[in-house]
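This report refers to the structure that appears directly beneath it.
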Amino acid sequence: MAQPPLSDAIVLFGATGDLSRRMVLPSLYFLDCDGFLPEGLKIVASARAPLSRDAFVAQLRENLAGRSEGLDEAIWARFEPRLDYVACDATTAEGAAALKPALEGRRPMFFLAVSPSLYGKICAALSGSGLATADSRIVMEKPIGRDLETSRAINAEVGAVFGEERIFRIDHYLGKETVQNLIALRFANTLFEPLWNNLTIDHVQITVAETEGVGDRWPYYDEYGALRDMLQNHMLQLLCFVAMEPPADMEPDSVRNEKVKVLKSLRRFTRVEAQAASVRGQYTKGVVGGKEAAGYETERGQPTGTETFVALRADIDNWRWAGVPFFLRTGKRMPEKRTQIAIQFKPVPHSIFGGAGKDDLTANRLVIDLQPDEDIALTLMNKSPGISQGGMRLQSMPLSLSLLKAYEGPGARRRIAYERLLLDVMHGNSTLFVRRDEVEEAWRWIDGVADAWKDAGMAPKPYAAGSWGPSGAFALIERSERAWMD
Ligand code: BG6
């Protein structure tokens, strides 16, 4: 396959916003540190704020110097000349035309770090001003819409200007090292594939717990809630990587075709299932990490029906996964930050161990930790050391890949997920990006859950900040005689 042309300019819309400041600009700097940015690559920051280039550069320098990694003067001397700042209203063709002098003869990638309501307008303006050339690419952040209908509208507006192969929908979870490691684990080992099905796996748990609250992000969050903010994208992506069939290769469409099949096999929620198989919650005041935390309603300033916690049981109706529930759980203001996928295997069919050892037996479990630490561990039963009377004693021990060690030593550091993704856009590789039909299938399923909640009149149940969600979340999993791995 011919190599797609390299982007040689990045235009960052919303360059003074939070996402740009915390993720995108530092990622570009770190890529430069490691020599990944092509020679001559230009970074054109753009926003409405009437800043001079010097003022923007000074702000960025301060931002980078304030990070725990610190600023390396030699790298900064290389990075700084790449930067430009163009103040403009990019939602009109006349406004976007202000970018033209900076992009003369270049193949830009446009990164939309702005509200999704502006995606369509900016694309139309890029087209109207002649900047959306055949060599250009567009990068969009989630959320792509609030439901299937609005996501279709955004996709149609963006698709009217950029062909699908030039659209890169970011889900930053796909840039995380351990998510990619999941692909390696499943498809670079012979060990797991024969066991990766309903004959051997009892159930799967995916937990994305955060200690942070919503805080001043509520104007955005209140419109979306945990279902649309986390489930629709990050968590369904994790589910897809666990559940998909082996793709023929790592080409973008090979992988994405398999993920779409999983999304299509997700059993739709009905009103009855919604009540039995899902729980919505909203945090009230409590204590997280020893500190008092306000309730969501207080942060929001008034009562609201938005959930900050969801737990649900998803069923994948296909040959591989029939009868294997996937329990998904995400919430703000949980007792700890934890992003984890746990594959619970079935118990041995018959125990040969009598006496005390019989009760020691626990089923194998593969635990993939994404955050705060990255690790992959397989728990195996083995004999407890020593002599015991009344039967052999057993113990469960983790066989760990110790990924933590990968970050030890000079120069080793944990990458921001955006680093990998930005580099992939530059090179035109969309394997780790979400295709249009994929995002729409995910919305179709999520809309089913939201509609079922509405039909069933399910309001969020309160839970104290610092707890693992409403009691219904425990009942949900216990109904199938299983328990959360806390
Ligand atoms: C974002 C959500 O997509 O992901 C946030 O909008 C959430 O609400 C964040 O806090 C979590 O990302 P991470 O990488 O910290 O797990």
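Starting from 1 in every chain, residues are counted up; chains themselves are A, B, ... following the order of the structure tokens, and ligands are numbered from 1 as listed.
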
- Task: Could I get the residue neighbourhood of ligand 1 at 7 Å, counting only C-alpha atoms and all ligand atoms, as a VMD selection string?
- Result: chain A and resid 172 to 173 210 229 to 230 339

- Query: Which neighbours of A:Thr298 fall inside 12 Å, counting only C-alpha atoms, when residues of the same chain fewer than 6 positions from it are skipped, and could you give them as an NGL selection string?
  - Reply: :A and (213-216 or 218 or 282-285 or 304)

- Quick one: residues within 7 Å of A:Ala90, only C-alpha atoms counted, chain neighbours fewer than 6 positions away excluded, as a VMD selection string? chain A and resid 96 122 125

Atoms kept (N, CA, C and O atoms) for selection, written as an mmCIF file, in the first residue's frame:
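The resulting file, part_25.cif, is reproduced below:
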data_model
loop_
_atom_site.group_PDB
_atom_site.id
_atom_site.type_symbol
_atom_site.label_atom_id
_atom_site.label_comp_id
_atom_site.auth_asym_id
_atom_site.auth_seq_id
_atom_site.Cartn_x
_atom_site.Cartn_y
_atom_site.Cartn_z
ATOM 1 N N ALA A 96 -11.852 32.032 8.449
ATOM 2 C CA ALA A 96 -10.869 30.952 8.277
ATOM 3 C C ALA A 96 -9.771 31.352 7.295
ATOM 4 O O ALA A 96 -8.627 30.869 7.392
ATOM 5 N N ILE A 122 -17.150 24.846 11.025
ATOM 6 C CA ILE A 122 -15.718 25.027 10.731
ATOM 7 C C ILE A 122 -15.358 24.277 9.444
ATOM 8 O O ILE A 122 -14.622 24.793 8.597
ATOM 9 N N ALA A 125 -16.479 26.224 6.582
ATOM 10 C CA ALA A 125 -15.625 27.411 6.404
ATOM 11 C C ALA A 125 -14.278 27.023 5.782
ATOM 12 O O ALA A 125 -13.731 27.749 4.946
#

- For A:Gly289, the nearest of the candidates A:Glu164, A:Tyr29, A:Ser467, A:Glu481, counting only C-alpha atoms: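 Looking only at the distances to A:Gly289, the closest residue turns out to be A:Ser467.
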
- Counting only C-alpha atoms, what is within 8 Å of A:Thr379, bar same-chain residues fewer than 5 positions away, as a list in words?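 Listed by chain and then number, they are Asn364, Arg365, Leu366, Ser396, Met397, Pro398 and Leu399 of chain A.
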
- Message: Which residues are near stretch 106-121 of chain A? Cut-off 6 Å, only C-alpha atoms, ignore same chain within fewer than 5 positions. Put them as a PyMOL selection string.
- Response: chain A and resi 7-14+91+135-140+157-158

Would you export the selected residues with N, CA, C and O atoms as a short mmCIF file (atom, residue, chain, number, x, y, z; two decimals), in the first residue's frame, please?
data_model
loop_
_atom_site.label_atom_id
_atom_site.label_comp_id
_atom_site.auth_asym_id
_atom_site.auth_seq_id
_atom_site.Cartn_x
_atom_site.Cartn_y
_atom_site.Cartn_z
N SER A 7 1.27 14.79 7.03
CA SER A 7 0.82 16.17 7.26
C SER A 7 2.05 16.98 7.65
O SER A 7 2.90 16.51 8.41
N ASP A 8 2.16 18.19 7.13
CA ASP A 8 3.32 18.99 7.52
C ASP A 8 2.91 20.27 8.24
O ASP A 8 3.71 21.18 8.43
N ALA A 9 1.63 20.34 8.63
CA ALA A 9 1.17 21.45 9.48
C ALA A 9 0.00 20.96 10.32
O ALA A 9 -0.80 20.14 9.86
N ILE A 10 -0.06 21.43 11.55
CA ILE A 10 -1.19 21.10 12.41
C ILE A 10 -1.87 22.41 12.75
O ILE A 10 -1.23 23.34 13.25
N VAL A 11 -3.16 22.47 12.45
CA VAL A 11 -3.91 23.66 12.86
C VAL A 11 -4.76 23.24 14.04
O VAL A 11 -5.56 22.30 13.95
N LEU A 12 -4.56 23.91 15.15
CA LEU A 12 -5.29 23.53 16.36
C LEU A 12 -6.35 24.58 16.66
O LEU A 12 -6.03 25.69 17.12
N PHE A 13 -7.60 24.23 16.39
CA PHE A 13 -8.70 25.14 16.71
C PHE A 13 -9.07 24.96 18.19
O PHE A 13 -9.13 23.84 18.67
N GLY A 14 -9.31 26.08 18.88
CA GLY A 14 -9.58 26.00 20.32
C GLY A 14 -8.27 25.90 21.07
O GLY A 14 -8.18 25.26 22.12
N THR A 91 -15.48 29.87 12.04
CA THR A 91 -16.79 29.34 11.62
C THR A 91 -17.31 30.01 10.35
O THR A 91 -18.37 29.65 9.86
N ASP A 135 -5.26 16.91 0.37
CA ASP A 135 -4.20 16.36 1.24
C ASP A 135 -4.44 16.66 2.72
O ASP A 135 -3.62 16.31 3.57
N SER A 136 -5.52 17.35 3.02
CA SER A 136 -5.71 17.76 4.42
C SER A 136 -6.53 16.71 5.19
O SER A 136 -7.18 15.85 4.58
N ARG A 137 -6.45 16.77 6.50
CA ARG A 137 -7.17 15.82 7.35
C ARG A 137 -7.89 16.58 8.45
O ARG A 137 -7.48 17.68 8.79
N ILE A 138 -8.90 15.94 9.01
CA ILE A 138 -9.63 16.60 10.10
C ILE A 138 -9.70 15.67 11.30
O ILE A 138 -9.93 14.47 11.15
N VAL A 139 -9.46 16.20 12.48
CA VAL A 139 -9.48 15.41 13.70
C VAL A 139 -10.58 15.95 14.60
O VAL A 139 -10.65 17.16 14.84
N MET A 140 -11.44 15.04 15.08
CA MET A 140 -12.54 15.47 15.93
C MET A 140 -12.51 14.74 17.25
O MET A 140 -12.26 13.55 17.31
N GLU A 157 -22.32 16.70 8.06
CA GLU A 157 -21.73 18.02 7.79
C GLU A 157 -20.22 17.91 7.54
O GLU A 157 -19.68 18.51 6.61
N VAL A 158 -19.57 17.13 8.38
CA VAL A 158 -18.11 16.98 8.23
C VAL A 158 -17.81 16.17 6.96
O VAL A 158 -16.91 16.50 6.18
#

- Interatomic distance between atom CA of A:Phe327 and atom CA of A:Gln205?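 We find that atom CA of A:Phe327 and atom CA of A:Gln205 lie 4.7 Å from each other.
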
Kindly provide the residues of stretch 94-201 of chain A that approach stretch 342-351 of chain A to within 10 Å, each paired with its closest atom pair and their distance in Å to one decimal, based on only C-alpha atoms, listed by chain and increasing number, as a Markdown table.
| residue | atom | partner | partner_atom | distance |
| --- | --- | --- | --- | --- |
| A:Leu195 | CA | A:Phe345 | CA | 8.8 |
| A:Trp196 | CA | A:Phe345 | CA | 9.2 |
| A:Asn197 | CA | A:Phe345 | CA | 9.6 |
| A:Asn198 | CA | A:Lys346 | CA | 9.2 |
| A:Leu199 | CA | A:Lys346 | CA | 8.2 |
| A:Thr200 | CA | A:Lys346 | CA | 5.6 |
| A:Ile201 | CA | A:Phe345 | CA | 4.2 |

Atoms to include: N, CA, C and O atoms. Write the selected residues as a PDB file, in the first residue's frame.
ATOM      1  N   LEU A 195      -9.414 -20.024  24.652  1.00  0.00           N
ATOM      2  CA  LEU A 195     -10.193 -19.899  25.897  1.00  0.00           C
ATOM      3  C   LEU A 195     -11.114 -18.696  25.879  1.00  0.00           C
ATOM      4  O   LEU A 195     -11.923 -18.503  26.787  1.00  0.00           O
ATOM      5  N   TRP A 196     -10.984 -17.860  24.862  1.00  0.00           N
ATOM      6  CA  TRP A 196     -11.635 -16.542  24.845  1.00  0.00           C
ATOM      7  C   TRP A 196     -13.076 -16.667  24.345  1.00  0.00           C
ATOM      8  O   TRP A 196     -13.427 -16.164  23.288  1.00  0.00           O
ATOM      9  N   ASN A 197     -13.905 -17.338  25.092  1.00  0.00           N
ATOM     10  CA  ASN A 197     -15.286 -17.544  24.640  1.00  0.00           C
ATOM     11  C   ASN A 197     -16.154 -18.010  25.811  1.00  0.00           C
ATOM     12  O   ASN A 197     -15.682 -18.143  26.937  1.00  0.00           O
ATOM     13  N   ASN A 198     -17.412 -18.288  25.494  1.00  0.00           N
ATOM     14  CA  ASN A 198     -18.374 -18.623  26.547  1.00  0.00           C
ATOM     15  C   ASN A 198     -18.182 -20.012  27.149  1.00  0.00           C
ATOM     16  O   ASN A 198     -18.826 -20.360  28.127  1.00  0.00           O
ATOM     17  N   LEU A 199     -17.290 -20.814  26.572  1.00  0.00           N
ATOM     18  CA  LEU A 199     -17.040 -22.127  27.178  1.00  0.00           C
ATOM     19  C   LEU A 199     -16.188 -21.958  28.434  1.00  0.00           C
ATOM     20  O   LEU A 199     -16.300 -22.726  29.383  1.00  0.00           O
ATOM     21  N   THR A 200     -15.314 -20.973  28.421  1.00  0.00           N
ATOM     22  CA  THR A 200     -14.334 -20.841  29.495  1.00  0.00           C
ATOM     23  C   THR A 200     -14.494 -19.570  30.323  1.00  0.00           C
ATOM     24  O   THR A 200     -14.106 -19.527  31.485  1.00  0.00           O
ATOM     25  N   ILE A 201     -15.047 -18.525  29.699  1.00  0.00           N
ATOM     26  CA  ILE A 201     -15.154 -17.250  30.429  1.00  0.00           C
ATOM     27  C   ILE A 201     -16.541 -17.140  31.059  1.00  0.00           C
ATOM     28  O   ILE A 201     -17.565 -17.380  30.404  1.00  0.00           O
TER      29      ILE A 201
END

- Task: Would you list the contacts of A:Leu263 as a list in words, taking every protein, DNA or RNA residue within 7 Å and counting only C-alpha atoms, but skipping same-chain residues closer than 3 positions in sequence?
- Result: Lys259, Val260, Leu266, Glu441 and Ala442 of chain A

- stretch 157-232 of chain A: which residues are strand (DSSP E) by DSSP, as a PyMOL selection string? chain A and resi 167-169+201-209

- Quick one: of A:Ala134, A:Ala15, A:Ala209, A:Met235, who's nearest to A:Gln371, counting only C-alpha atoms?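 Answer, going by the shortest atom-to-atom distance: A:Ala209.
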
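Closest approach to A:Val179 among A:Glu374, A:Ile446, A:Arg217, A:Glu299 is made by A:Glu374 (distances from only C-alpha atoms).
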
- Where does DSSP see helix (DSSP H, G or I) in stretch 204-379 of chain A, if you list the residues as a ChimeraX atom specification? /A:215-243,252-265,271-277,296-300,357-360

- Query: Quick one: of A:Val208, A:Ile154, A:Leu71, A:Val44, who's nearest to A:Lys100, counting only C-alpha atoms?
  - Reply: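 Of A:Val208, A:Ile154, A:Leu71, A:Val44, the one nearest A:Lys100, counting only C-alpha atoms, is A:Val44.
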
- Length of the atom CA of A:Thr330 to atom CA of A:Leu174 vector [Å]: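 Distance reported for this atom pair: 17.4 Å.
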
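Closest approach to A:Arg268 among A:Leu423, A:Leu185, A:Ala93, A:Val449 is made by A:Val449 (distances from only C-alpha atoms).
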
Extract, using only C-alpha atoms, all DNA, RNA and protein residues at most 7 Å from stretch 239-246 of chain A, discarding same-chain residues fewer than 5 positions from it, and format them as an mmCIF file with N, CA and C atoms, in the first residue's frame.
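Saved the output as out10.cif:
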data_model
loop_
_atom_site.group_PDB
_atom_site.id
_atom_site.type_symbol
_atom_site.label_atom_id
_atom_site.label_comp_id
_atom_site.auth_asym_id
_atom_site.auth_seq_id
_atom_site.Cartn_x
_atom_site.Cartn_y
_atom_site.Cartn_z
ATOM 1 N N PHE A 187 -3.909 -11.291 20.395
ATOM 2 C CA PHE A 187 -3.603 -11.799 19.050
ATOM 3 C C PHE A 187 -2.126 -12.084 18.802
ATOM 4 N N GLU A 258 -14.477 -5.397 12.654
ATOM 5 C CA GLU A 258 -14.740 -6.346 13.750
ATOM 6 C C GLU A 258 -15.415 -5.653 14.924
ATOM 7 N N LYS A 259 -15.004 -4.410 15.178
ATOM 8 C CA LYS A 259 -15.631 -3.689 16.305
ATOM 9 C C LYS A 259 -17.103 -3.389 16.004
ATOM 10 N N VAL A 262 -19.323 -6.282 16.787
ATOM 11 C CA VAL A 262 -19.630 -6.426 18.218
ATOM 12 C C VAL A 262 -20.753 -5.467 18.601
#

- Item | d(atom CA of A:Asp451, atom CA of A:Asp147) in Å |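 Going from atom CA of A:Asp451 over to atom CA of A:Asp147, I get 10.7 Å.
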
- Task: Measuring atom to atom with only C-alpha atoms, identify which of A:Ala153, A:Lys176, A:Arg53, A:His234 is nearest to A:Glu419.
- Result: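 The closest residue to A:Glu419 is A:Lys176.
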